[in-house]
file my_file-v5.pdb (PDB, C-alpha atoms)
ATOM      1  CA  MET A   1     -17.348 -15.921 -22.642
ATOM      2  CA  SER A   2     -14.673 -13.938 -24.418
ATOM      3  CA  ALA A   3     -16.538 -10.701 -23.811
ATOM      4  CA  PHE A   4     -16.946 -11.628 -20.146
ATOM      5  CA  SER A   5     -13.217 -12.314 -19.666
ATOM      6  CA  SER A   6     -12.361  -9.119 -21.541
ATOM      7  CA  ASN A   7     -14.647  -7.096 -19.292
ATOM      8  CA  ALA A   8     -13.311  -8.881 -16.216
ATOM      9  CA  THR A   9      -9.741  -7.950 -17.174
ATOM     10  CA  TRP A  10     -10.807  -4.377 -17.773
ATOM     11  CA  HIS A  11     -12.562  -4.161 -14.393
ATOM     12  CA  LEU A  12      -9.676  -5.877 -12.598
ATOM     13  CA  MET A  13      -7.226  -3.390 -14.109
ATOM     14  CA  ARG A  14      -9.239  -0.449 -12.830
ATOM     15  CA  ALA A  15      -9.880  -1.975  -9.398
ATOM     16  CA  SER A  16      -6.276  -3.037  -8.805
ATOM     17  CA  GLY A  17      -5.104   0.421  -9.870
ATOM     18  CA  VAL A  18      -7.327   2.106  -7.314
ATOM     19  CA  VAL A  19      -6.303  -0.300  -4.556
ATOM     20  CA  ALA A  20      -2.628   0.155  -5.489
ATOM     21  CA  LEU A  21      -3.079   3.929  -5.163
ATOM     22  CA  VAL A  22      -4.592   3.515  -1.690
ATOM     23  CA  LEU A  23      -1.785   1.160  -0.654
ATOM     24  CA  LEU A  24       0.870   3.526  -2.011
ATOM     25  CA  THR A  25      -0.738   6.273   0.049
ATOM     26  CA  ALA A  26      -0.520   4.068   3.135
ATOM     27  CA  VAL A  27       3.130   3.317   2.347
ATOM     28  CA  PHE A  28       3.838   7.028   1.917
ATOM     29  CA  VAL A  29       2.217   7.892   5.257
ATOM     30  CA  LEU A  30       3.951   4.997   7.024
ATOM     31  CA  GLY A  31       7.286   6.151   5.592
ATOM     32  CA  ILE A  32       6.813   9.560   7.125
ATOM     33  CA  ALA A  33       5.580   7.971  10.364
ATOM     34  CA  THR A  34       8.796   5.938  10.441
ATOM     35  CA  ASN A  35      10.794   9.082   9.891
ATOM     36  CA  ARG A  36       8.921  10.789  12.740
ATOM     37  CA  ARG A  37       9.529   7.753  14.961
ATOM     38  CA  TRP A  38       5.801   7.239  15.492
ATOM     39  CA  ARG A  39       4.576   3.935  16.915
ATOM     40  CA  PRO A  40       1.061   2.464  17.093
ATOM     41  CA  GLY A  41       0.079   2.487  20.755
ATOM     42  CA  ARG A  42       2.614   0.734  22.952
ATOM     43  CA  ALA A  43       3.987  -1.405  20.149
ATOM     44  CA  PRO A  44       7.715  -1.446  19.538
ATOM     45  CA  ARG A  45       8.887   1.311  17.227
ATOM     46  CA  VAL A  46      10.180  -1.186  14.689
ATOM     47  CA  VAL A  47       6.558  -2.077  13.872
ATOM     48  CA  THR A  48       6.081   1.131  11.894
ATOM     49  CA  ALA A  49       9.183   0.565   9.774
ATOM     50  CA  SER A  50       8.297  -3.098   9.223
ATOM     51  CA  LEU A  51       4.752  -2.214   8.197
ATOM     52  CA  HIS A  52       6.145   0.391   5.816
ATOM     53  CA  ARG A  53       8.281  -2.329   4.251
ATOM     54  CA  THR A  54       5.681  -5.116   4.058
ATOM     55  CA  ILE A  55       2.828  -2.922   2.840
ATOM     56  CA  SER A  56       5.083  -1.455   0.163
ATOM     57  CA  LEU A  57       5.627  -5.023  -1.111
ATOM     58  CA  LEU A  58       1.861  -5.543  -1.007
ATOM     59  CA  ALA A  59       1.407  -2.338  -3.014
ATOM     60  CA  VAL A  60       3.943  -3.597  -5.551
ATOM     61  CA  ALA A  61       1.954  -6.841  -5.878
ATOM     62  CA  PHE A  62      -1.242  -4.916  -6.656
ATOM     63  CA  LEU A  63       0.717  -2.661  -8.985
ATOM     64  CA  GLY A  64       1.878  -5.825 -10.758
ATOM     65  CA  VAL A  65      -1.729  -6.983 -11.202
ATOM     66  CA  HIS A  66      -2.659  -3.531 -12.493
ATOM     67  CA  ILE A  67       0.168  -3.573 -15.051
ATOM     68  CA  LEU A  68      -0.379  -7.168 -16.190
ATOM     69  CA  THR A  69      -4.092  -6.593 -16.736
ATOM     70  CA  ALA A  70      -3.376  -3.316 -18.546
ATOM     71  CA  VAL A  71      -1.071  -5.151 -20.951
ATOM     72  CA  ALA A  72      -3.439  -8.111 -21.318
ATOM     73  CA  ASP A  73      -6.625  -6.112 -21.791
ATOM     74  CA  PRO A  74      -7.508  -5.661 -25.472
ATOM     75  CA  TYR A  75      -9.306  -2.371 -24.832
ATOM     76  CA  ALA A  76      -6.528  -0.647 -22.843
ATOM     77  CA  VAL A  77      -3.970  -1.214 -25.647
ATOM     78  CA  VAL A  78      -0.864  -0.717 -23.492
ATOM     79  CA  ASP A  79       2.184  -2.481 -24.869
ATOM     80  CA  ALA A  80       4.989  -3.777 -22.681
ATOM     81  CA  ALA A  81       7.371  -0.965 -23.627
ATOM     82  CA  ALA A  82       4.891   1.729 -22.612
ATOM     83  CA  VAL A  83       4.742   0.228 -19.114
ATOM     84  CA  VAL A  84       8.302   1.294 -18.331
ATOM     85  CA  VAL A  85       9.134   3.899 -20.995
ATOM     86  CA  PRO A  86       7.153   7.095 -20.389
ATOM     87  CA  PHE A  87       5.004   8.743 -23.061
ATOM     88  CA  VAL A  88       5.388   6.151 -25.826
ATOM     89  CA  ALA A  89       1.946   4.556 -25.543
ATOM     90  CA  GLY A  90      -0.184   4.899 -28.648
ATOM     91  CA  LYS A  91      -3.405   5.538 -26.749
ATOM     92  CA  SER A  92      -3.544   8.037 -23.834
ATOM     93  CA  ALA A  93       0.219   8.513 -24.077
ATOM     94  CA  PHE A  94       0.377  11.241 -21.424
ATOM     95  CA  ALA A  95      -1.748   9.443 -18.828
ATOM     96  CA  VAL A  96       0.014   6.109 -19.326
ATOM     97  CA  GLY A  97       3.360   7.946 -19.313
ATOM     98  CA  LEU A  98       2.630   9.373 -15.862
ATOM     99  CA  GLY A  99       1.981   5.849 -14.635
ATOM    100  CA  ALA A 100       5.184   4.589 -16.253
ATOM    101  CA  LEU A 101       7.198   7.360 -14.585
ATOM    102  CA  SER A 102       5.632   6.544 -11.233
ATOM    103  CA  LEU A 103       6.363   2.842 -11.731
ATOM    104  CA  ASP A 104      10.014   3.570 -12.568
ATOM    105  CA  VAL A 105      10.421   5.596  -9.390
ATOM    106  CA  VAL A 106       8.651   2.953  -7.274
ATOM    107  CA  ALA A 107      10.874   0.266  -8.798
ATOM    108  CA  ALA A 108      13.972   2.299  -7.915
ATOM    109  CA  LEU A 109      12.682   2.729  -4.359
ATOM    110  CA  VAL A 110      11.913  -0.960  -3.903
ATOM    111  CA  VAL A 111      15.120  -2.261  -5.461
ATOM    112  CA  SER A 112      17.318   0.174  -3.526
ATOM    113  CA  SER A 113      15.531  -0.781  -0.301
ATOM    114  CA  LEU A 114      15.864  -4.511  -0.939
ATOM    115  CA  LEU A 115      19.584  -3.965  -1.580
ATOM    116  CA  ARG A 116      19.941  -1.464   1.207
ATOM    117  CA  ALA A 117      22.864  -3.258   2.826
ATOM    118  CA  ARG A 118      24.826  -2.916  -0.419
ATOM    119  CA  VAL A 119      23.717   0.598  -1.336
ATOM    120  CA  PRO A 120      25.489   3.602   0.207
ATOM    121  CA  ALA A 121      23.240   5.325   2.739
ATOM    122  CA  ALA A 122      23.425   8.677   0.950
ATOM    123  CA  LEU A 123      22.357   7.128  -2.343
ATOM    124  CA  TRP A 124      19.534   5.184  -0.665
ATOM    125  CA  ARG A 125      18.307   8.388   1.000
ATOM    126  CA  ALA A 126      18.519  10.303  -2.277
ATOM    127  CA  ILE A 127      16.476   7.643  -4.053
ATOM    128  CA  HIS A 128      13.980   7.608  -1.196
ATOM    129  CA  TRP A 129      13.370  11.318  -1.644
ATOM    130  CA  LEU A 130      11.910  10.368  -5.027
ATOM    131  CA  ALA A 131       8.895   8.965  -3.159
ATOM    132  CA  TYR A 132       7.686  12.548  -3.008
ATOM    133  CA  LEU A 133       7.565  12.413  -6.825
ATOM    134  CA  ALA A 134       6.176   8.884  -7.214
ATOM    135  CA  TRP A 135       2.976   9.431  -5.283
ATOM    136  CA  PRO A 136       1.784  12.612  -7.088
ATOM    137  CA  LEU A 137       2.600  10.918 -10.408
ATOM    138  CA  ALA A 138       0.484   7.911  -9.414
ATOM    139  CA  LEU A 139      -2.393  10.185  -8.393
ATOM    140  CA  ALA A 140      -2.117  12.191 -11.619
ATOM    141  CA  HIS A 141      -2.073   8.930 -13.601
ATOM    142  CA  SER A 142      -5.268   7.814 -11.861
ATOM    143  CA  PHE A 143      -7.126  10.979 -12.762
ATOM    144  CA  ALA A 144      -5.600  11.557 -16.206
ATOM    145  CA  THR A 145      -6.481   8.107 -17.553
ATOM    146  CA  GLY A 146     -10.084   9.107 -17.779
ATOM    147  CA  THR A 147     -12.245   6.012 -17.332
ATOM    148  CA  ASP A 148     -13.224   6.721 -13.748
ATOM    149  CA  ALA A 149     -11.752  10.213 -13.443
ATOM    150  CA  ALA A 150     -15.123  11.927 -13.198
ATOM    151  CA  SER A 151     -16.679   9.257 -10.982
ATOM    152  CA  PRO A 152     -17.619  10.484  -7.502
ATOM    153  CA  TRP A 153     -16.270   7.294  -5.903
ATOM    154  CA  LEU A 154     -12.795   7.759  -7.381
ATOM    155  CA  GLU A 155     -12.859  11.471  -6.628
ATOM    156  CA  SER A 156     -13.692  10.669  -2.985
ATOM    157  CA  ILE A 157     -10.839   8.171  -2.759
ATOM    158  CA  GLY A 158      -8.503  10.695  -4.379
ATOM    159  CA  VAL A 159      -9.507  13.423  -1.927
ATOM    160  CA  VAL A 160      -9.000  11.126   1.088
ATOM    161  CA  CYS A 161      -5.591   9.976  -0.206
ATOM    162  CA  PHE A 162      -4.543  13.552  -0.949
ATOM    163  CA  ALA A 163      -5.618  14.685   2.524
ATOM    164  CA  ALA A 164      -3.670  11.833   4.162
ATOM    165  CA  VAL A 165      -0.533  12.671   2.205
ATOM    166  CA  ALA A 166      -0.904  16.419   2.774
ATOM    167  CA  VAL A 167      -1.271  15.973   6.535
ATOM    168  CA  SER A 168       1.703  13.613   6.703
ATOM    169  CA  VAL A 169       3.867  15.985   4.640
ATOM    170  CA  LEU A 170       2.930  18.812   7.001
ATOM    171  CA  TRP A 171       3.839  16.518   9.898
ATOM    172  CA  ARG A 172       7.155  15.706   8.242
ATOM    173  CA  PHE A 173       8.211  19.246   7.406
ATOM    174  CA  GLY A 174       6.066  21.378   9.662
ATOM    175  CA  THR A 175       7.005  20.166  13.111
ATOM    176  CA  GLY A 176      10.179  19.989  15.117
ATOM    177  CA  ARG A 177      13.371  18.261  14.195
ATOM    178  CA  SER A 178      13.585  15.353  11.814
ATOM    179  CA  ALA A 179      14.113  11.857  13.132
ATOM    180  CA  LYS A 180      17.607  11.815  11.693
ATOM    181  CA  HIS A 181      18.755  14.016  14.542
ATOM    182  CA  LEU A 182      16.992  11.827  17.081
ATOM    183  CA  GLU A 183      18.635   8.607  16.005
ATOM    184  CA  PRO A 184      21.085   7.274  18.575
ATOM    185  CA  ARG A 185      24.647   8.000  17.611
ATOM    186  CA  PRO A 186      26.965   5.006  17.302
ATOM    187  CA  VAL A 187      29.031   4.432  20.424
ATOM    188  CA  THR A 188      32.693   5.082  19.839
ATOM    189  CA  ALA A 189      35.291   3.362  21.950
TER     190      ALA A 189
ATOM    191  CA  MET B 190       9.610 -29.598  31.321
ATOM    192  CA  THR B 191      11.107 -27.149  28.903
ATOM    193  CA  GLU B 192      11.020 -23.470  29.699
ATOM    194  CA  GLN B 193       9.260 -21.185  27.253
ATOM    195  CA  PRO B 194      11.592 -18.657  25.643
ATOM    196  CA  PRO B 195      10.999 -15.090  26.824
ATOM    197  CA  THR B 196       8.775 -13.042  24.553
ATOM    198  CA  THR B 197      10.978 -10.317  23.224
ATOM    199  CA  ASP B 198       9.960  -7.025  21.696
ATOM    200  CA  ARG B 199      11.105  -8.385  18.359
ATOM    201  CA  THR B 200       8.715 -11.328  18.575
ATOM    202  CA  ILE B 201       5.825  -9.089  19.532
ATOM    203  CA  ALA B 202       6.707  -6.744  16.692
ATOM    204  CA  ASP B 203       6.933  -9.584  14.175
ATOM    205  CA  ARG B 204       3.577 -10.926  15.252
ATOM    206  CA  LEU B 205       1.963  -7.498  15.060
ATOM    207  CA  VAL B 206       3.430  -6.800  11.654
ATOM    208  CA  ARG B 207       2.393 -10.175  10.290
ATOM    209  CA  ARG B 208      -1.161  -9.753  11.560
ATOM    210  CA  ALA B 209      -1.461  -6.189  10.310
ATOM    211  CA  THR B 210      -0.012  -7.059   6.907
ATOM    212  CA  CYS B 211      -2.396 -10.013   6.551
ATOM    213  CA  THR B 212      -5.341  -7.805   7.504
ATOM    214  CA  VAL B 213      -4.334  -5.122   5.012
ATOM    215  CA  GLY B 214      -3.718  -7.728   2.305
ATOM    216  CA  VAL B 215      -7.088  -9.399   2.828
ATOM    217  CA  ALA B 216      -8.825  -6.019   2.953
ATOM    218  CA  ALA B 217      -7.092  -4.947  -0.260
ATOM    219  CA  ALA B 218      -8.035  -8.189  -2.032
ATOM    220  CA  ALA B 219     -11.622  -7.901  -0.786
ATOM    221  CA  ALA B 220     -11.775  -4.268  -1.909
ATOM    222  CA  THR B 221     -10.486  -5.256  -5.339
ATOM    223  CA  ALA B 222     -13.081  -8.029  -5.658
ATOM    224  CA  LEU B 223     -15.805  -5.664  -4.478
ATOM    225  CA  ILE B 224     -14.828  -2.983  -6.988
ATOM    226  CA  VAL B 225     -14.610  -5.539  -9.806
ATOM    227  CA  GLY B 226     -18.091  -6.828  -8.946
ATOM    228  CA  TRP B 227     -19.506  -3.355  -8.654
ATOM    229  CA  LEU B 228     -17.961  -2.253 -11.964
ATOM    230  CA  GLY B 229     -19.372  -5.412 -13.560
ATOM    231  CA  VAL B 230     -22.887  -4.680 -12.306
ATOM    232  CA  ALA B 231     -22.609  -1.027 -13.364
ATOM    233  CA  HIS B 232     -21.383  -2.126 -16.796
ATOM    234  CA  ARG B 233     -24.275  -4.584 -17.170
ATOM    235  CA  THR B 234     -26.787  -1.918 -16.155
ATOM    236  CA  THR B 235     -25.326   0.569 -18.617
ATOM    237  CA  THR B 236     -25.328  -2.020 -21.384
ATOM    238  CA  ALA B 237     -28.966  -2.930 -20.672
ATOM    239  CA  ALA B 238     -29.958   0.758 -20.698
ATOM    240  CA  ALA B 239     -28.088   1.296 -23.977
ATOM    241  CA  SER B 240     -29.812  -1.764 -25.487
ATOM    242  CA  ALA B 241     -33.218  -0.439 -24.437
ATOM    243  CA  SER B 242     -32.326   2.928 -25.957
ATOM    244  CA  VAL B 243     -31.399   1.236 -29.244
ATOM    245  CA  LYS B 244     -34.778  -0.555 -29.273
ATOM    246  CA  THR B 245     -36.535   2.779 -28.746
ATOM    247  CA  VAL B 246     -34.583   4.324 -31.613
ATOM    248  CA  SER B 247     -35.454   1.318 -33.820
ATOM    249  CA  ALA B 248     -39.133   1.779 -33.050
ATOM    250  CA  ALA B 249     -38.903   5.518 -33.774
ATOM    251  CA  PRO B 250     -39.568   5.500 -37.581
ATOM    252  CA  ARG B 251     -43.018   4.013 -37.048
ATOM    253  CA  ALA B 252     -43.795   6.755 -34.532
ATOM    254  CA  VAL B 253     -42.430   9.349 -36.930
ATOM    255  CA  ARG B 254     -44.601   7.970 -39.747
ATOM    256  CA  THR B 255     -47.696   8.167 -37.541
ATOM    257  CA  THR B 256     -46.864  11.700 -36.464
ATOM    258  CA  SER B 257     -46.195  12.658 -40.065
ATOM    259  CA  ALA B 258     -49.577  11.292 -41.138
ATOM    260  CA  ARG B 259     -51.269  13.185 -38.329
ATOM    261  CA  THR B 260     -49.402  16.346 -39.311
ATOM    262  CA  THR B 261     -50.472  15.931 -42.940
ATOM    263  CA  ARG B 262     -54.075  15.503 -41.906
ATOM    264  CA  HIS B 263     -53.801  18.523 -39.626
ATOM    265  CA  THR B 264     -52.202  20.616 -42.409
ATOM    266  CA  ALA B 265     -54.964  19.654 -44.801
ATOM    267  CA  SER B 266     -57.536  20.621 -42.198
ATOM    268  CA  VAL B 267     -55.806  23.976 -41.635
ATOM    269  CA  SER B 268     -55.693  24.594 -45.414
ATOM    270  CA  THR B 269     -59.431  23.949 -45.675
ATOM    271  CA  ALA B 270     -60.107  26.268 -42.760
ATOM    272  CA  THR B 271     -57.925  29.002 -44.306
ATOM    273  CA  ALA B 272     -59.684  28.652 -47.647
ATOM    274  CA  THR B 273     -63.054  28.941 -45.912
ATOM    275  CA  THR B 274     -61.914  32.029 -44.003
ATOM    276  CA  THR B 275     -60.555  33.648 -47.178
ATOM    277  CA  THR B 276     -63.775  32.978 -49.043
ATOM    278  CA  THR B 277     -65.878  34.325 -46.213
ATOM    279  CA  THR B 278     -63.716  37.446 -45.884
ATOM    280  CA  THR B 279     -63.834  38.116 -49.632
ATOM    281  CA  ALA B 280     -67.579  37.683 -49.689
ATOM    282  CA  THR B 281     -67.973  40.039 -46.718
ATOM    283  CA  ALA B 282     -65.727  42.649 -48.361
ATOM    284  CA  THR B 283     -67.702  42.476 -51.581
ATOM    285  CA  ALA B 284     -70.972  42.791 -49.748
ATOM    286  CA  THR B 285     -69.717  45.769 -47.758
ATOM    287  CA  ALA B 286     -68.334  47.442 -50.862
ATOM    288  CA  THR B 287     -71.612  46.992 -52.606
ATOM    289  CA  ALA B 288     -73.504  48.322 -49.627
ATOM    290  CA  THR B 289     -71.192  51.351 -49.357
ATOM    291  CA  ALA B 290     -71.374  52.063 -53.062
ATOM    292  CA  THR B 291     -75.107  51.877 -53.315
ATOM    293  CA  PRO B 292     -76.031  55.223 -51.649
ATOM    294  CA  SER B 293     -73.174  57.095 -53.362
ATOM    295  CA  THR B 294     -73.125  58.801 -56.673
ATOM    296  CA  ALA B 295     -72.121  56.886 -59.764
ATOM    297  CA  THR B 296     -68.625  58.495 -59.786
ATOM    298  CA  SER B 297     -67.690  57.520 -56.292
ATOM    299  CA  GLN B 298     -65.569  54.437 -55.888
ATOM    300  CA  PRO B 299     -66.758  51.636 -53.613
ATOM    301  CA  VAL B 300     -64.587  51.402 -50.509
ATOM    302  CA  ALA B 301     -64.058  48.138 -48.746
ATOM    303  CA  THR B 302     -64.374  49.007 -45.077
ATOM    304  CA  SER B 303     -63.746  45.528 -43.753
ATOM    305  CA  GLY B 304     -60.184  44.316 -44.156
ATOM    306  CA  GLY B 305     -59.509  41.176 -46.075
ATOM    307  CA  SER B 306     -56.411  39.233 -45.555
TER     308      SER B 306
END

call {"tool": "encode", "arguments": {"input": "my_file-v5.pdb", "output": "structure tokens"}}
result
Amino acid sequence: MSAFSSNATWHLMRASGVVALVLLTAVFVLGIATNRRWRPGRAPRVVTASLHRTISLLAVAFLGVHILTAVADPYAVVDAAAVVVPFVAGKSAFAVGLGALSLDVVAALVVSSLLRARVPAALWRAIHWLAYLAWPLALAHSFATGTDAASPWLESIGVVCFAAVAVSVLWRFGTGRSAKHLEPRPVTA
Amino acid sequence: MTEQPPTTDRTIADRLVRRATCTVGVAAAAATALIVGWLGVAHRTTTAAASASVKTVSAAPRAVRTTSARTTRHTASVSTATATTTTTTTATATATATATATPSTATSQPVATSGGS
């Protein structure tokens, strides 16, 4: 029974990590879609921004499961400090450190967005630029950890996620003017 | 009769977002469960294969002993065959030397014309 629960924790940690990566990719793409003022079909434009927000919270939930199982699993040997402080883990310090860095950036993004009304716009935007760092760190963490790194199924997921992010980055920087210039200016009396 | 409030864009958007988020959440949970199950089955298969491999390794000494016995028997057989060959060759060489020496003069040395190993 103990061995079963240990294996279940180990499998849940790996599975939730992969799903969190896919969700973070979706959040990344939706963020750029929001910036480009894209909308799904004839839906109101606010749908894209709302989906970006809600799916990012969903990704954080799966990230939470991934972290809790990593700490709880006796085989992973990740202590609580190594979750947030990069490169201090005893085992696979570099790989776990990449994940910790990514988590720190994601936490900054989420907290600054939840407190957006109280955070200056310039600071919020500056923190949001860190998303371009968080996603590659998460991907590198996935492939540096090693358990499933050489598995064709994880490689396929990684390639699809990378392609989605690459296309959206090209969309963001490769075409036309940014959405910032398209936003309606406040009406002055 | 009360009038239904007009459906605004905001309401439509909220409904769409809620539905899409639920779909993504359920899909993500299902994917996680699927991966966990799949990893569990893969783990069980690997463990069973490793267990079978250990049994094979455990049975190996008996096989090695049998092979060793066969090899010993084979080596003994080869040794006997070599001894027979050597004896035969020596006997042939002696016979040839004798035959060669016979017609010669008493001073000539017998020459072994057939090679012995």

call {"tool": "interface_residues", "arguments": {"input": "my_file-v5.pdb", "of": "chain A", "to": "chain B", "cutoff": "12 Å", "atoms": "all atoms listed in the file", "output": "PDB file with C-alpha atoms, keeping the file's coordinate frame"}}
result
ATOM      1  CA  ALA A   3     -16.538 -10.701 -23.811  1.00  0.00           C
ATOM      2  CA  PHE A   4     -16.946 -11.628 -20.146  1.00  0.00           C
ATOM      3  CA  SER A   5     -13.217 -12.314 -19.666  1.00  0.00           C
ATOM      4  CA  SER A   6     -12.361  -9.119 -21.541  1.00  0.00           C
ATOM      5  CA  ASN A   7     -14.647  -7.096 -19.292  1.00  0.00           C
ATOM      6  CA  ALA A   8     -13.311  -8.881 -16.216  1.00  0.00           C
ATOM      7  CA  THR A   9      -9.741  -7.950 -17.174  1.00  0.00           C
ATOM      8  CA  TRP A  10     -10.807  -4.377 -17.773  1.00  0.00           C
ATOM      9  CA  HIS A  11     -12.562  -4.161 -14.393  1.00  0.00           C
ATOM     10  CA  LEU A  12      -9.676  -5.877 -12.598  1.00  0.00           C
ATOM     11  CA  MET A  13      -7.226  -3.390 -14.109  1.00  0.00           C
ATOM     12  CA  ARG A  14      -9.239  -0.449 -12.830  1.00  0.00           C
ATOM     13  CA  ALA A  15      -9.880  -1.975  -9.398  1.00  0.00           C
ATOM     14  CA  SER A  16      -6.276  -3.037  -8.805  1.00  0.00           C
ATOM     15  CA  GLY A  17      -5.104   0.421  -9.870  1.00  0.00           C
ATOM     16  CA  VAL A  18      -7.327   2.106  -7.314  1.00  0.00           C
ATOM     17  CA  VAL A  19      -6.303  -0.300  -4.556  1.00  0.00           C
ATOM     18  CA  ALA A  20      -2.628   0.155  -5.489  1.00  0.00           C
ATOM     19  CA  LEU A  21      -3.079   3.929  -5.163  1.00  0.00           C
ATOM     20  CA  VAL A  22      -4.592   3.515  -1.690  1.00  0.00           C
ATOM     21  CA  LEU A  23      -1.785   1.160  -0.654  1.00  0.00           C
ATOM     22  CA  LEU A  24       0.870   3.526  -2.011  1.00  0.00           C
ATOM     23  CA  ALA A  26      -0.520   4.068   3.135  1.00  0.00           C
ATOM     24  CA  VAL A  27       3.130   3.317   2.347  1.00  0.00           C
ATOM     25  CA  ARG A  39       4.576   3.935  16.915  1.00  0.00           C
ATOM     26  CA  PRO A  40       1.061   2.464  17.093  1.00  0.00           C
ATOM     27  CA  GLY A  41       0.079   2.487  20.755  1.00  0.00           C
ATOM     28  CA  ARG A  42       2.614   0.734  22.952  1.00  0.00           C
ATOM     29  CA  ALA A  43       3.987  -1.405  20.149  1.00  0.00           C
ATOM     30  CA  PRO A  44       7.715  -1.446  19.538  1.00  0.00           C
ATOM     31  CA  ARG A  45       8.887   1.311  17.227  1.00  0.00           C
ATOM     32  CA  VAL A  46      10.180  -1.186  14.689  1.00  0.00           C
ATOM     33  CA  VAL A  47       6.558  -2.077  13.872  1.00  0.00           C
ATOM     34  CA  THR A  48       6.081   1.131  11.894  1.00  0.00           C
ATOM     35  CA  ALA A  49       9.183   0.565   9.774  1.00  0.00           C
ATOM     36  CA  SER A  50       8.297  -3.098   9.223  1.00  0.00           C
ATOM     37  CA  LEU A  51       4.752  -2.214   8.197  1.00  0.00           C
ATOM     38  CA  HIS A  52       6.145   0.391   5.816  1.00  0.00           C
ATOM     39  CA  ARG A  53       8.281  -2.329   4.251  1.00  0.00           C
ATOM     40  CA  THR A  54       5.681  -5.116   4.058  1.00  0.00           C
ATOM     41  CA  ILE A  55       2.828  -2.922   2.840  1.00  0.00           C
ATOM     42  CA  SER A  56       5.083  -1.455   0.163  1.00  0.00           C
ATOM     43  CA  LEU A  57       5.627  -5.023  -1.111  1.00  0.00           C
ATOM     44  CA  LEU A  58       1.861  -5.543  -1.007  1.00  0.00           C
ATOM     45  CA  ALA A  59       1.407  -2.338  -3.014  1.00  0.00           C
ATOM     46  CA  VAL A  60       3.943  -3.597  -5.551  1.00  0.00           C
ATOM     47  CA  ALA A  61       1.954  -6.841  -5.878  1.00  0.00           C
ATOM     48  CA  PHE A  62      -1.242  -4.916  -6.656  1.00  0.00           C
ATOM     49  CA  LEU A  63       0.717  -2.661  -8.985  1.00  0.00           C
ATOM     50  CA  VAL A  65      -1.729  -6.983 -11.202  1.00  0.00           C
ATOM     51  CA  HIS A  66      -2.659  -3.531 -12.493  1.00  0.00           C
ATOM     52  CA  THR A 147     -12.245   6.012 -17.332  1.00  0.00           C
ATOM     53  CA  ASP A 148     -13.224   6.721 -13.748  1.00  0.00           C
ATOM     54  CA  SER A 151     -16.679   9.257 -10.982  1.00  0.00           C
ATOM     55  CA  TRP A 153     -16.270   7.294  -5.903  1.00  0.00           C
ATOM     56  CA  LEU A 154     -12.795   7.759  -7.381  1.00  0.00           C
TER      57      LEU A 154
END

call {"tool": "atom_distance", "arguments": {"input": "my_file-v5.pdb", "atom1": "CA of Ser168 in chain A", "atom2": "CA of Ile32 in chain A"}}
result
6.5 Å

call {"tool": "residues_around", "arguments": {"input": "my_file-v5.pdb", "residues": "Ala166 in chain A", "least_positions_apart": "3", "cutoff": "12 Å", "atoms": "all atoms listed in the file", "output": "VMD selection string"}}
result
chain A and resid 25 28 to 29 32 132 135 to 136 158 to 163 169 to 174

call {"tool": "closest_residue", "arguments": {"input": "my_file-v5.pdb", "among": "A:Leu98, A:Val111, A:Val165, A:Ile127", "to": "Ala140 in chain A", "atoms": "all atoms listed in the file"}}
result
A:Leu98

call {"tool": "atom_distance", "arguments": {"input": "my_file-v5.pdb", "atom1": "CA of Thr234 in chain B", "atom2": "CA of Ala150 in chain A"}}
result
18.3 Å

call {"tool": "atom_distance", "arguments": {"input": "my_file-v5.pdb", "atom1": "CA of Ile157 in chain A", "atom2": "CA of His141 in chain A"}}
result
14.0 Å

call {"tool": "axis_aligned_box", "arguments": {"input": "my_file-v5.pdb", "around": "range 99-115 of chain A", "padding_each_side": "3 Å", "output": "AutoDock Vina command-line options"}}
result
--center_x 10.8 --center_y 1.4 --center_z -8.3 --size_x 23.6 --size_y 17.9 --size_z 22.0

call {"tool": "resolve_selection", "arguments": {"input": "my_file-v5.pdb", "expression": "the PyMOL selection byres ((chain A and resi 91) around 8)", "output": "PyMOL selection string"}}
result
chain A and resi 76-78+89-90+92-93

call {"tool": "closest_residue", "arguments": {"input": "my_file-v5.pdb", "among": "A:Ala33, A:Phe143, A:Ala108, A:Leu114", "to": "Trp129 in chain A", "atoms": "only C-alpha atoms"}}
result
A:Ala108

call {"tool": "closest_residue", "arguments": {"input": "my_file-v5.pdb", "among": "A:Val85, A:Val96, A:Ala164, A:Val106", "to": "Ala70 in chain A", "atoms": "all atoms listed in the file"}}
result
A:Val96

call {"tool": "decode", "arguments": {"input": "my_file-v5.pdb", "residues": "range 144-149 of chain A", "atoms": "N, CA and C atoms", "output": "short mmCIF file (atom, residue, chain, number, x, y, z; two decimals), in the first residue's frame"}}
result
data_model
loop_
_atom_site.label_atom_id
_atom_site.label_comp_id
_atom_site.auth_asym_id
_atom_site.auth_seq_id
_atom_site.Cartn_x
_atom_site.Cartn_y
_atom_site.Cartn_z
N ALA A 144 15.11 19.07 -18.36
CA ALA A 144 16.37 18.88 -17.61
C ALA A 144 16.18 17.91 -16.45
N THR A 145 14.95 17.74 -15.99
CA THR A 145 14.72 16.88 -14.82
C THR A 145 15.09 15.44 -15.10
N GLY A 146 14.78 14.98 -16.29
CA GLY A 146 15.36 13.71 -16.70
C GLY A 146 14.47 12.50 -16.73
N THR A 147 13.45 12.42 -15.86
CA THR A 147 12.66 11.19 -15.81
C THR A 147 12.02 10.85 -17.15
N ASP A 148 11.36 11.84 -17.73
CA ASP A 148 10.67 11.59 -18.99
C ASP A 148 11.32 12.33 -20.16
N ALA A 149 12.49 12.92 -19.90
CA ALA A 149 13.09 13.80 -20.90
C ALA A 149 13.29 13.11 -22.25
#
